[in-house]
Each structure stands twice: as C-alpha cells, then as structure tokens.
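Engineer: Hey, dropping my_file.txt in here, compact mmCIF, C-alpha atoms:
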# COMPACT_ATOMS: atom_id res chain seq x y z
CA MET A 8 25.04 8.26 5.98
CA PHE A 9 24.02 4.66 6.23
CA SER A 10 26.01 2.37 8.43
CA GLN A 11 24.07 -0.52 7.08
CA SER A 12 25.47 -3.77 5.86
CA CYS A 13 23.83 -6.53 3.91
CA SER A 14 26.57 -9.05 4.14
CA GLU A 15 28.16 -8.81 7.54
CA PRO A 16 26.67 -10.16 10.72
CA GLN A 17 25.61 -7.48 13.18
CA PRO A 18 25.80 -7.40 16.96
CA ALA A 19 22.74 -8.40 18.90
CA GLN A 20 20.03 -5.80 18.55
CA PRO A 21 18.15 -4.15 21.37
CA ALA A 22 14.54 -5.10 21.78
CA VAL A 23 12.33 -3.08 19.50
CA SER A 24 8.83 -2.53 20.72
CA GLU A 25 5.89 -2.48 18.37
CA PHE A 26 3.80 0.64 18.03
CA ASP A 27 1.05 1.07 20.53
CA THR A 28 -1.94 1.51 18.31
CA THR A 29 -4.68 1.23 20.84
CA GLY A 30 -6.64 3.93 22.54
CA VAL A 31 -6.30 6.47 19.79
CA SER A 32 -9.97 7.28 19.60
CA THR A 33 -11.30 8.52 22.88
CA SER A 34 -14.89 9.07 21.81
CA GLY A 35 -15.33 5.86 19.89
CA ALA A 36 -18.22 7.59 18.22
CA ILE A 37 -16.80 8.51 14.89
CA LEU A 38 -15.33 7.11 11.79
CA LEU A 39 -11.74 6.50 12.51
CA GLN A 40 -9.56 4.51 10.25
CA GLY A 41 -7.86 3.18 13.36
CA LYS A 42 -4.35 2.16 12.52
CA MET A 43 -3.57 2.87 8.93
CA VAL A 44 -0.50 1.26 7.52
CA VAL A 45 1.31 3.19 4.86
CA ILE A 46 3.69 1.22 2.70
CA PRO A 47 6.42 2.83 0.61
CA PRO A 48 4.86 3.79 -2.72
CA PRO A 49 6.36 2.33 -5.91
CA ALA A 50 6.93 5.90 -7.13
CA LEU A 51 9.34 6.47 -4.25
CA LEU A 52 11.09 3.12 -4.59
CA SER A 53 11.67 3.57 -8.33
CA HIS A 54 12.79 7.16 -7.66
CA VAL A 55 15.36 5.83 -5.18
CA ILE A 56 16.50 3.11 -7.60
CA ALA A 57 17.04 5.70 -10.34
CA LYS A 58 18.93 7.95 -7.89
CA GLU A 59 21.39 5.08 -7.29
CA SER A 60 22.39 5.34 -10.97
CA ILE A 61 21.38 1.75 -11.62
CA PRO A 62 20.97 1.24 -15.38
CA PHE A 63 17.43 0.77 -16.70
CA GLU A 64 16.35 -2.88 -16.74
CA THR A 65 13.82 -3.93 -19.37
CA ARG A 66 12.98 -6.94 -17.20
CA GLY A 67 12.14 -4.55 -14.38
CA VAL A 68 8.72 -4.10 -15.95
CA THR A 69 6.02 -6.53 -16.99
CA ASP A 70 4.36 -6.86 -20.38
CA ALA A 71 1.79 -4.09 -20.65
CA GLY A 72 -0.19 -5.79 -23.40
CA ASN A 73 -1.63 -8.64 -21.37
CA THR A 74 -4.65 -7.02 -19.79
CA GLU A 75 -7.23 -9.07 -21.70
CA GLN A 76 -6.15 -12.29 -20.07
CA TRP A 77 -7.26 -11.25 -16.61
CA THR A 78 -10.73 -12.39 -15.76
CA SER A 79 -11.15 -11.85 -12.03
CA GLU A 80 -11.36 -8.50 -10.27
CA MET A 81 -8.61 -9.61 -7.93
CA LYS A 82 -6.18 -10.33 -10.77
CA LYS A 83 -7.07 -7.14 -12.60
CA ALA A 84 -6.54 -5.00 -9.51
CA LEU A 85 -3.24 -6.69 -8.63
CA TYR A 86 -2.11 -6.15 -12.21
CA LEU A 87 -3.23 -2.53 -12.10
CA GLY A 88 -0.91 -2.09 -9.11
CA VAL A 89 1.91 -3.76 -11.05
CA LEU A 90 1.36 -1.43 -14.01
CA GLY A 91 1.32 1.60 -11.72
CA ALA A 92 4.71 0.58 -10.32
CA ASP A 93 5.99 -0.04 -13.85
CA LEU A 94 4.74 3.37 -14.93
CA SER A 95 6.66 5.02 -12.06
CA TYR A 96 9.77 3.05 -12.99
CA LEU A 97 9.50 4.01 -16.66
CA ILE A 98 8.90 7.67 -15.79
CA ASN A 99 11.91 7.73 -13.49
CA TYR A 100 14.03 6.26 -16.28
CA ARG A 101 12.49 8.60 -18.87
CA GLN A 102 11.32 5.75 -21.10
CA SER A 103 8.90 8.05 -22.90
CA ALA A 104 8.44 5.79 -25.92
CA THR A 105 7.15 2.91 -23.82
CA ILE A 106 4.96 4.83 -21.39
CA PRO A 107 1.87 5.19 -23.67
CA GLN A 108 1.43 1.39 -23.78
CA TYR A 109 1.30 1.29 -19.99
CA LEU A 110 -1.12 4.21 -19.82
CA ALA A 111 -3.37 2.44 -22.34
CA SER A 112 -3.34 -0.73 -20.25
CA ILE A 113 -4.09 1.20 -17.07
CA ARG A 114 -7.04 2.83 -18.86
CA ARG A 115 -8.30 -0.58 -20.00
CA LEU A 116 -8.03 -2.08 -16.53
CA THR A 117 -9.76 0.83 -14.80
CA ALA A 118 -12.55 0.52 -17.39
CA ASP A 119 -12.77 -3.25 -16.83
CA LEU A 120 -12.99 -2.67 -13.09
CA ASP A 121 -15.72 -0.10 -13.71
CA ILE A 122 -13.86 2.68 -11.98
CA SER A 123 -12.66 4.71 -14.95
CA ARG A 124 -15.59 7.16 -14.81
CA ASP A 125 -15.02 7.82 -11.15
CA VAL A 126 -11.33 8.57 -11.15
CA ASP A 127 -9.87 11.47 -13.01
CA SER A 128 -8.74 9.78 -16.22
CA GLU A 129 -7.81 13.26 -17.42
CA LEU A 130 -4.71 12.81 -15.27
CA LEU A 131 -3.62 9.95 -17.53
CA SER A 132 -4.01 12.22 -20.55
CA GLN A 133 -1.94 14.86 -18.79
CA ILE A 134 0.76 12.27 -18.16
CA GLU A 135 0.73 11.40 -21.86
CA ALA A 136 0.92 15.06 -22.80
CA GLY A 137 3.76 15.76 -20.39
CA LEU A 138 6.18 13.01 -21.34
CA ASP A 139 8.89 15.60 -21.97
CA ASN A 140 8.87 16.57 -18.31
CA PRO A 141 9.20 13.37 -16.25
CA SER A 142 9.37 15.08 -12.86
CA SER A 143 5.94 16.63 -13.36
CA ILE A 144 4.29 13.44 -14.58
CA LEU A 145 5.63 11.39 -11.69
CA GLY A 146 3.56 13.66 -9.49
CA LEU A 147 0.50 13.20 -11.71
CA ASN A 148 0.91 9.45 -11.60
CA SER A 149 0.88 9.53 -7.81
CA VAL A 150 -2.17 11.79 -7.73
CA PHE A 151 -3.98 9.38 -10.09
CA PHE A 152 -3.34 6.46 -7.76
CA ARG A 153 -4.28 8.58 -4.74
CA ASN A 154 -7.60 9.45 -6.41
CA LEU A 155 -8.11 5.78 -7.13
CA GLU A 156 -7.43 4.92 -3.49
CA SER A 157 -9.80 7.65 -2.37
CA TYR A 158 -12.60 6.49 -4.67
CA LEU A 159 -12.24 2.84 -3.70
CA LYS A 160 -12.17 3.63 0.01
CA SER A 161 -15.18 5.89 -0.10
CA ASN A 162 -17.10 3.28 -2.07
CA ASN A 163 -16.23 0.44 0.25
CA ARG A 164 -14.13 -1.36 -2.31
CA HIS A 165 -11.31 -1.91 0.16
CA ASP A 166 -10.31 -5.23 -1.36
CA LEU A 167 -9.62 -3.66 -4.74
CA SER A 168 -7.64 -0.88 -3.10
CA THR A 169 -5.57 -3.45 -1.18
CA TYR A 170 -4.91 -5.55 -4.29
CA ILE A 171 -3.64 -2.47 -6.11
CA LEU A 172 -1.31 -1.58 -3.23
CA LEU A 173 -0.01 -5.14 -2.92
CA GLY A 174 0.51 -5.52 -6.68
CA GLY A 175 2.45 -2.25 -6.72
CA TRP A 176 4.58 -3.20 -3.74
CA THR A 177 5.44 -6.62 -5.18
CA GLU A 178 6.45 -5.08 -8.52
CA ALA A 179 8.58 -2.48 -6.73
CA MET A 180 10.28 -5.31 -4.82
CA HIS A 181 10.93 -7.01 -8.14
CA GLN A 182 12.50 -3.81 -9.46
CA LEU A 183 14.74 -3.67 -6.40
CA ALA A 184 15.79 -7.27 -6.94
CA SER A 185 15.98 -7.48 -10.71
CA PRO A 186 19.43 -5.99 -11.37
CA ALA A 187 21.06 -8.57 -9.16
CA ASP A 188 22.39 -11.26 -11.45
CA SER A 189 25.12 -11.52 -8.87
CA ILE A 190 23.91 -10.95 -5.33
CA THR A 191 27.10 -9.69 -3.74
CA GLY A 192 27.75 -5.99 -3.81
CA GLN A 193 24.52 -4.90 -5.48
CA PRO A 194 23.81 -1.33 -4.40
CA LEU A 195 20.12 -2.08 -4.08
CA ASN A 196 20.61 -4.90 -1.57
CA ARG A 197 20.54 -2.43 1.29
CA LEU A 198 17.27 -0.95 0.08
CA LEU A 199 15.82 -4.39 -0.43
CA ALA A 200 16.77 -5.44 3.11
CA GLU A 201 15.27 -2.23 4.49
CA GLN A 202 11.89 -3.39 3.32
CA THR A 203 11.96 -5.33 6.56
CA PHE A 204 10.39 -2.17 8.01
CA SER A 205 7.48 -2.41 5.59
CA ALA A 206 6.91 -6.12 6.08
CA SER A 207 4.50 -5.94 9.02
CA GLY A 208 2.36 -3.38 7.20
CA VAL A 209 2.28 -5.39 3.99
CA ARG A 210 1.42 -8.50 5.96
CA ALA A 211 -1.45 -6.67 7.67
CA LEU A 212 -2.79 -5.57 4.29
CA ALA A 213 -2.56 -9.10 2.85
CA GLU A 214 -4.17 -10.66 5.91
CA SER A 215 -7.09 -8.23 5.71
CA ILE A 216 -8.29 -10.02 2.56
CA GLN A 217 -10.44 -13.09 3.11
CA ASP A 218 -11.20 -13.95 -0.53
CA ASP A 219 -10.36 -17.61 -1.25
CA SER A 220 -9.13 -16.78 -4.75
CA PHE A 221 -6.40 -14.66 -3.14
CA THR A 222 -5.08 -17.48 -0.96
CA ALA A 223 -2.07 -18.44 -3.09
CA VAL A 224 -0.88 -14.85 -3.58
CA LYS A 225 -1.55 -14.07 0.07
CA SER A 226 0.53 -17.03 1.23
CA ALA A 227 3.39 -15.99 -1.03
CA ILE A 228 3.29 -12.39 0.20
CA ILE A 229 3.20 -13.53 3.83
CA GLU A 230 6.14 -15.86 3.24
CA LEU A 231 8.08 -12.96 1.74
CA CYS A 232 7.14 -10.79 4.73
CA ASP A 233 8.28 -13.58 7.08
CA ALA A 234 11.67 -13.65 5.39
CA LEU A 235 11.97 -9.87 5.58
CA GLU A 236 10.91 -9.74 9.20
CA THR A 237 13.52 -12.28 10.29
CA LEU A 238 16.38 -10.05 9.14
CA GLU A 239 18.40 -8.73 12.05
CA LYS A 240 17.95 -5.07 12.70
CA THR A 241 19.12 -2.55 15.24
CA TYR A 242 17.73 0.86 16.02
CA LEU A 243 19.37 3.58 18.08
CA PHE A 244 17.37 6.69 18.87
CA ASN A 245 19.12 10.02 18.40
CA GLU A 246 17.47 13.32 19.20
CA PRO A 247 16.21 14.97 16.03
CA VAL A 248 17.33 18.46 15.11
CA HIS A 249 14.62 20.99 14.27
CA ASP A 250 15.20 23.94 12.00
CA ARG A 251 12.32 26.25 12.77
CA ARG A 252 13.27 28.81 10.13
CA GLN A 253 13.33 26.28 7.28
CA GLY A 254 10.46 24.23 8.66
CA ILE A 255 12.42 21.01 8.63
CA THR A 256 13.42 18.34 11.12
CA TYR A 257 16.49 16.18 10.64
CA LEU A 258 15.89 12.64 11.83
CA ARG A 259 19.23 11.28 12.98
CA SER A 260 18.41 7.92 14.54
CA LYS A 261 20.63 5.04 13.51
CA THR A 262 19.29 1.93 11.84
CA GLU A 263 21.09 -1.18 10.75
CA VAL A 264 19.74 -4.17 8.89
CA SER A 265 21.91 -7.15 8.22
CA CYS A 266 21.31 -9.94 5.79
CA SER A 267 23.58 -12.66 4.55
CA ASP A 268 23.98 -13.69 0.93
CA ASP A 269 21.80 -16.71 1.65
CA GLU A 270 19.07 -14.49 3.04
CA LEU A 271 19.31 -12.23 0.01
CA LEU A 272 19.05 -15.21 -2.32
CA GLU A 273 15.97 -16.37 -0.44
CA LEU A 274 14.41 -12.90 -0.72
CA HIS A 275 15.06 -12.84 -4.47
CA GLU A 276 13.48 -16.25 -4.88
CA LEU A 277 10.41 -15.33 -2.84
CA ILE A 278 9.97 -12.08 -4.76
CA ARG A 279 10.20 -13.97 -8.05
CA GLU A 280 7.64 -16.55 -6.93
CA THR A 281 5.23 -13.92 -5.61
CA ARG A 282 5.46 -11.80 -8.71
CA ASN A 283 4.98 -14.81 -10.97
CA LEU A 284 1.74 -15.63 -9.17
CA ILE A 285 0.55 -12.08 -9.80
CA VAL A 286 1.59 -11.59 -13.43
CA THR A 287 0.72 -15.09 -14.62
CA PRO A 288 -2.97 -15.52 -15.58
CA MET B 433 -43.21 14.34 8.93
CA LYS B 434 -40.67 14.37 11.73
CA LYS B 435 -39.12 11.28 10.19
CA TYR B 436 -38.68 13.06 6.85
CA ALA B 437 -37.15 16.08 8.56
CA LEU B 438 -34.66 13.84 10.32
CA LEU B 439 -33.84 12.09 7.06
CA LEU B 440 -33.35 15.44 5.34
CA MET B 441 -31.03 16.59 8.13
CA LEU B 442 -29.07 13.37 7.83
CA VAL B 443 -28.69 13.73 4.06
CA MET B 444 -27.70 17.38 4.40
CA GLY B 445 -25.21 16.48 7.12
CA CYS B 446 -23.61 13.86 4.90
CA ALA B 447 -23.45 16.32 2.02
CA LEU B 448 -21.84 18.94 4.23
CA GLY B 449 -19.36 16.41 5.57
CA HIS B 450 -18.51 15.29 2.05
CA SER B 451 -18.02 18.86 0.90
CA GLN B 452 -15.98 19.70 3.97
CA CYS B 453 -13.73 16.73 3.30
CA GLU B 454 -13.27 17.78 -0.33
CA GLN B 455 -12.20 21.23 0.89
CA SER B 456 -9.98 19.58 3.45
CA MET B 457 -8.26 17.49 0.76
CA LEU B 458 -7.78 20.56 -1.45
CA ALA B 459 -6.20 22.47 1.44
CA ALA B 460 -3.82 19.62 2.28
CA ASP B 461 -2.95 19.13 -1.38
CA LYS B 462 -2.14 22.82 -1.75
CA ALA B 463 -0.01 22.67 1.39
CA LEU B 464 1.90 19.68 0.03
CA GLY B 465 3.01 21.79 -2.92
CA GLU B 466 4.37 20.88 -6.31
CA ASN B 467 7.89 19.90 -5.30
CA PHE B 468 6.68 16.89 -3.40
CA ILE B 469 5.25 13.74 -4.90
CA ALA B 470 2.08 12.78 -3.10
CA HIS B 471 1.87 9.39 -1.46
CA PRO B 472 -1.20 7.54 -2.82
CA GLN B 473 -2.19 6.58 0.71
CA TYR B 474 -3.45 9.28 3.04
CA VAL B 475 -5.57 9.69 6.16
CA GLN B 476 -8.80 11.62 6.32
CA GLY B 477 -11.63 11.62 8.81
CA THR B 478 -14.36 13.70 10.39
CA LEU B 479 -13.31 14.17 13.98
CA THR B 480 -13.83 16.03 17.20
CA SER B 481 -10.81 17.20 19.18
CA ALA B 482 -11.19 14.09 21.32
CA ASP B 483 -10.39 11.88 18.35
CA SER B 484 -7.39 11.39 16.18
CA LEU B 485 -6.23 9.77 13.00
CA GLN B 486 -3.01 7.89 12.91
CA PHE B 487 -0.82 6.17 10.42
CA GLU B 488 2.39 4.21 10.45
CA SER B 489 4.90 4.66 7.69
CA VAL B 490 8.39 3.70 6.67
CA TRP B 491 10.60 6.59 5.68
CA LEU B 492 13.56 5.69 3.52
CA ALA B 493 17.05 7.06 4.03
CA ASN B 494 18.33 10.17 2.34
CA ASN B 495 14.90 11.40 1.38
CA THR B 496 12.99 14.47 2.43
CA TYR B 497 9.40 13.82 3.38
CA ARG B 498 6.65 16.35 3.91
CA ILE B 499 3.55 16.06 6.04
CA ALA B 500 0.84 18.46 4.97
CA THR B 501 -2.47 18.78 6.75
CA SER B 502 -5.67 20.67 6.11
CA GLY B 503 -4.88 22.84 9.14
CA SER B 504 -4.99 26.62 8.97
CA GLU B 505 -4.66 29.53 11.39
CA LYS B 506 -8.40 29.41 11.87
CA GLN B 507 -8.65 25.66 12.18
CA ARG B 508 -5.47 24.29 13.65
CA VAL B 509 -4.50 20.65 13.41
CA ALA B 510 -2.07 19.03 15.83
CA VAL B 511 0.53 16.64 14.43
CA SER B 512 2.72 14.40 16.58
CA ILE B 513 5.27 11.92 15.29
CA PHE B 514 6.88 9.07 17.19
CA ASP B 515 9.61 6.63 16.28
CA GLN B 516 9.30 2.86 16.46
CA ASN B 517 10.03 2.89 20.20
CA ASN B 518 7.43 5.60 20.80
CA ASN B 519 10.05 8.29 21.34
CA PRO B 520 8.51 11.63 20.36
CA ILE B 521 10.36 13.05 17.39
CA PHE B 522 8.13 15.94 16.36
CA ASP B 523 5.20 17.88 17.70
CA ASN B 524 3.87 20.78 15.70
CA SER B 525 2.56 22.45 18.86
CA ASP B 526 6.22 23.50 19.29
CA PHE B 527 6.00 25.24 15.92
CA SER B 528 2.72 27.16 16.07
CA TYR B 529 0.80 24.15 14.75
CA ALA B 530 2.41 24.45 11.32
CA ALA B 531 0.28 22.76 8.66
CA VAL B 532 3.37 21.79 6.68
CA TRP B 533 6.65 20.39 7.93
CA ASP B 534 9.54 18.62 6.24
CA PHE B 535 11.66 15.76 7.53
CA PHE B 536 15.05 14.76 6.23
CA VAL B 537 15.64 11.11 7.04
CA GLU B 538 19.29 10.15 7.51
CA GLN B 539 18.58 6.46 7.91
CA SER B 540 15.47 4.49 7.10
CA MET B 541 13.03 4.32 9.96
CA LYS B 542 9.51 3.51 10.94
CA ILE B 543 7.34 6.30 12.25
CA ARG B 544 3.87 6.72 13.67
CA CYS B 545 2.00 9.94 13.06
CA VAL B 546 -1.01 11.10 15.06
CA VAL B 547 -3.21 13.88 13.69
CA ARG B 548 -5.91 15.66 15.71
CA PRO B 549 -8.03 18.76 15.16
CA LEU B 550 -8.02 21.50 17.76
CA ALA B 551 -11.71 22.18 17.93
CA GLU B 552 -14.36 23.31 20.37
CA SER B 553 -15.55 20.34 22.39
CA ASN B 554 -18.42 19.19 20.16
CA GLU B 555 -17.29 20.65 16.89
CA VAL B 556 -16.77 18.10 14.13
CA ILE B 557 -14.02 18.81 11.64
CA CYS B 558 -12.87 16.97 8.54
CA VAL B 559 -9.11 16.57 8.75
CA THR B 560 -6.79 15.38 6.00
CA ALA B 561 -3.09 14.56 6.26
CA LEU B 562 -1.00 13.87 3.19
CA THR B 563 2.59 12.78 2.95
CA GLY B 564 4.89 13.26 0.04
CA PHE B 565 8.55 12.93 -0.82
CA LYS B 566 10.72 15.53 -2.44
CA LYS B 567 11.38 15.20 -6.15
Represent the structure contained in this file as structure tokens.

Structural biologist:
Amino acid sequence: MFSQSCSEPQPAQPAVSEFDTTGVSTSGAILLQGKMVVIPPPALLSHVIAKESIPFETRGVTDAGNTEQWTSEMKKALYLGVLGADLSYLINYRQSATIPQYLASIRRLTADLDISRDVDSELLSQIEAGLDNPSSILGLNSVFFRNLESYLKSNNRHDLSTYILLGGWTEAMHQLASPADSITGQPLNRLLAEQTFSASGVRALAESIQDDSFTAVKSAIIELCDALETLEKTYLFNEPVHDRRQGITYLRSKTEVSCSDDELLELHELIRETRNLIVTP
Amino acid sequence: MKKYALLLMLVMGCALGHSQCEQSMLAADKALGENFIAHPQYVQGTLTSADSLQFESVWLANNTYRIATSGSEKQRVAVSIFDQNNNPIFDNSDFSYAAVWDFFVEQSMKIRCVVRPLAESNEVICVTALTGFKK
C-alpha cells in the first residue's frame, strides 16, 4: 500500500544519493550504451490511469487529424510520440471507434519521416484488426514503438527517437493531469507527483538534444522537470522478499512524495504549457 | 588483396553481429511472454564478460514488472538490480542465472539494472534485456 500524500507536508527526508553510473565498462573497447535512462512508457501510465477507474476524458487526447500541419522533423516526431500515448490511452479505455483515426495519423507521420518501410507497419494493421481485444493490441502498440526505437537507434537517428519519447511522456503527463478540474483529492495526483522519479531521466533526454528549433520545448520540459524534482520525497529501504518457486521478488521499500496544492497547480500549468508547445504548429 | 580480405572479414563480422543481435532480441522477446507489455525502450549490446549494459528505470507502485534477457542455459546472462541508494535488491546468480524474473513493486521506486554476459574471456556476445509490465 502507498503511504503517500500529495497534500500534507512530510518530515524531512534522508539524503538520497544518485546512481553511480561510472565505471560500468571495464574494457572500454566496445559499444556500450553507457547509462540508459528508461522513462515510464505511456502505455503503462494510461494502463494505470484506467486501473484507477477514472472516467475516459475526451480532452485526454489530441486531435488526430492535424498531421499535415507539421513541417519539421522535430515537430512530426514529437507529435508521433503524442499520438502513440493517445493510442495507448484509447486502447486502455476501449475507444475502438476512434482508434483507426489515430492509426491512420501514425501511418502518415511514419511515412512523412521516411521510416514507415523500416518499421513493421503490419503491426498497425494487426492493431486495427484486433480492436475487439484491447489487451492484445496494447502489447502490439508497445512492440511497434519498440521497433521504431530500435530502427532509429540502429540508424543513428537518436534525435527522432528522443522526440518521440518526450512527446509520449508529455502527453501521458497531460493524461494524468487532465481529469483534475479541481486539484484536491484527485486520485491521479499521487501518480503525477511520483513522476518526480522520472524527472532526471526526462531532463537528461531533453538536454541531449542540441537542435535550436527544439529550444522552446526543451526549456518547457526542463522547467517541468525542475518543478517535479523539487517535490519532497523520502525513501526507506526494506529488504525485498524473493519467491524462488514463482520466480518473483516483492520490492517492499517505502517511498513518499509530498506536494502541496500550490505545487500541484504549478505542475498542471507547466504540463499544459509544455503540451501546447508540442501540439501547436 | 590483404586489404580486401580484412574488409570482407569486417563486413562478415558486422553481419554476424547483426544476426546474433536479432536472435538475441527474439530470445528476450520470447522470454518476456505474452502476458507482459513490452517497454519500448530496451538495452542491447555486443559485449565481453568484462563489460555490461545498464539502465535506470522508474517502477510504479502496484505493478508487476518482468525483466527478460537473451540468456539461456548455454549462454548465461547475469542480472543485478540496485535501488536508488545502491542497495542490492536482486541478483540472478542467486537463482541459477534465470533469464526471466518478475518484480512486484509495492511503492514506486527508482532502480538500476546491470546486465552482463558470462562468457569466456575474449568471447563477444550480443545481449538483450527487455522489461515489461503485466497486463
């Protein structure tokens, strides 16, 4: 169970050290990816939102019909990430009637970015064909974006890959924030505050891009990460319990994140501003 | 002539590495299974046992995560996981170098995972590690 609060101040937290990410390669002779930062995928975040029994929000997704207005690769890739997050959200909420529009837009954008031949677009067709079974197509959606990531990495198109990840993360943050007309007591506040753990990774991704055209979005993402990172958090290590027979480990460490209503309001505002920069041509 | 032979060896080496990594991805994907939704991000690299891949991730509360590697009985892959304070929380050497292991996360936390092939000293192996979360 969570002992986490988003509205009450927490006691002072113990110092939390950063990961030691040096010295991993001892030969230095081969292709290591060094430290790779994995951010929570939109498919997981929308899965968690749906599990909380939050009603479907039409404003949780962007307009799928706007792909023609994007002219730069950066904007197209960010928007592709947004659409991927929207697709996950729609699948989790079983919005079968709307999903084909999003698949069509994803197809258009991958074609515009000249990557449609190199990723398995058959997966998109399988998603379309499997709309009656949302749990299976959520998996296909993830595999599609993994293939995309794989292709872009192996073809040294790291910027595109990063834009897609950042677009998807921002849209997932918007989905976490969008039900909150009233901040207090929203069940997703806790999950939103917990993105404090992702903030350093997202920041590292954003800072890895040096393209001038990305400056405004980058600044907005970094500002959002700053706000997330300033939230108070505590961590208490508890020994995990291993179940050898079932092949599972239970991680029992305690985490608390606290954020005041003012901090939540600020997060909502920063998410809105960042997303607007991404979805506005 | 020697130059062409070297070039040919290089091209063949790349092709073998590529093919080995495709096989490695297939093995990890199979190990992940159908009940887990694959994370789009993954780590893969061609390594000796002196090298490792690592990734940091955030695991969200009340979810079951799976780490699946391309390891097998013949080609074992070591997996170690640490929490945000570098406390060890899992080491698959305690579990016969299992290629698949699940983690139920009671409260959201940040983890660091280190993946390393167990190979003969100069052997180069393509290793893949996927994560997924339970549907």

Engineer: So which residues touch region 542-545 of chain B within 8 Å, counting only C-alpha atoms, skipping near sequence neighbours fewer than 2 positions away, as a list in words?

Structural biologist: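 The neighbour list is Phe26 and Phe204 of chain A; Gln486, Phe487, Glu488, Ser489, Val490, Trp491, Val511, Ser512, Ile513, Phe514, Asp515, Gln516, Ser540 and Val547 of chain B.
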
Engineer: Taking into account all atoms listed in the file, which residue in the set B:Ser456, B:Thr480, B:Asn495, B:Ser451 is nearest to Ser553 (chain B)?

Structural biologist: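 Among the listed residues, B:Thr480 lies closest to Ser553 (chain B).
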
Engineer: Could you list the residues in chain B lying within 8 Å of chain A, using only C-alpha atoms, and format the result as JSON, numbers by chain?

Structural biologist: {"B": [466, 468, 469, 470, 471, 472, 473, 474, 475, 477, 478, 479, 482, 483, 484, 485, 486, 487, 488, 489, 490, 491, 493, 494, 516, 517, 518, 519, 521, 522, 527, 532, 533, 534, 535, 536, 537, 538, 539, 540, 541, 542, 544, 565, 567]}

Engineer: For a test of reading the model, state the distance in Å between CA of Thr501 (chain B) and CA of Tyr158 (chain A), rounded to one decimal.

Structural biologist: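 CA of Thr501 (chain B) sits 19.6 Å away from CA of Tyr158 (chain A).
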
Engineer: Counting all atoms listed in the file, note down every residue that has an atom within 8 Å of the point (2.8, 19.7, -0.1) (file coordinates), as a list in words.

Structural biologist: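 Neighbouring residues, ordered by chain and number, come to Ala460, Asp461, Lys462, Ala463, Leu464, Gly465, Glu466, Asn467, Phe468, Ala470, Arg498, Ile499, Ala500, Val532, Leu562, Thr563 and Gly564 of chain B.
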
Engineer: Could you check how far CA of Ala561 (chain B) sits from CA of Asp523 (chain B), in Å to one decimal?

Structural biologist: 14.5 Å

Engineer: Kindly list the centre and edge lengths in Å, rounded to one decimal, for the axis-aligned box that covers all listed atoms of region 273-287 of chain A plus 6 Å on each of its six sides, as AutoDock Vina command-line options.

Structural biologist:
--center_x 8.3 --center_y -14.1 --center_z -7.5 --size_x 27.4 --size_y 17.0 --size_z 26.2

Engineer: I want to know what sits within 12 Å of Asp119 (chain A), based on only C-alpha atoms, with residues of the same chain fewer than 6 positions away left out; could you give that as a PDB file with C-alpha atoms, in the coordinates of the input?

Structural biologist:
ATOM      1  CA  THR A  74      -4.650  -7.020 -19.790  1.00  0.00           C
ATOM      2  CA  GLU A  75      -7.230  -9.070 -21.700  1.00  0.00           C
ATOM      3  CA  GLN A  76      -6.150 -12.290 -20.070  1.00  0.00           C
ATOM      4  CA  TRP A  77      -7.260 -11.250 -16.610  1.00  0.00           C
ATOM      5  CA  THR A  78     -10.730 -12.390 -15.760  1.00  0.00           C
ATOM      6  CA  SER A  79     -11.150 -11.850 -12.030  1.00  0.00           C
ATOM      7  CA  GLU A  80     -11.360  -8.500 -10.270  1.00  0.00           C
ATOM      8  CA  MET A  81      -8.610  -9.610  -7.930  1.00  0.00           C
ATOM      9  CA  LYS A  82      -6.180 -10.330 -10.770  1.00  0.00           C
ATOM     10  CA  LYS A  83      -7.070  -7.140 -12.600  1.00  0.00           C
ATOM     11  CA  ALA A  84      -6.540  -5.000  -9.510  1.00  0.00           C
ATOM     12  CA  TYR A  86      -2.110  -6.150 -12.210  1.00  0.00           C
ATOM     13  CA  LEU A  87      -3.230  -2.530 -12.100  1.00  0.00           C
ATOM     14  CA  SER A 112      -3.340  -0.730 -20.250  1.00  0.00           C
ATOM     15  CA  ILE A 113      -4.090   1.200 -17.070  1.00  0.00           C
TER      16      ILE A 113
END

Engineer: Using CA of His275 (chain A) and CA of His181 (chain A) as the two end points, give the distance in Å to one decimal.

Structural biologist: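 These two atoms are separated by 8.0 Å.
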
Engineer: Can you tell me, as a ChimeraX atom specification, what residues are no more than 6 Å from region 91-97 of chain A when counting all atoms listed in the file, ignoring any on the same chain fewer than 4 positions away?

Structural biologist: /A:49-50,53,68,101-102,175

Engineer: Would you pick out the contacts of Val509 (chain B) at 6 Å or less, using only C-alpha atoms, so that residues sharing its chain but fewer than 4 positions from it are not included, and give the list as a ChimeraX atom specification?

Structural biologist: /B:503,548-550
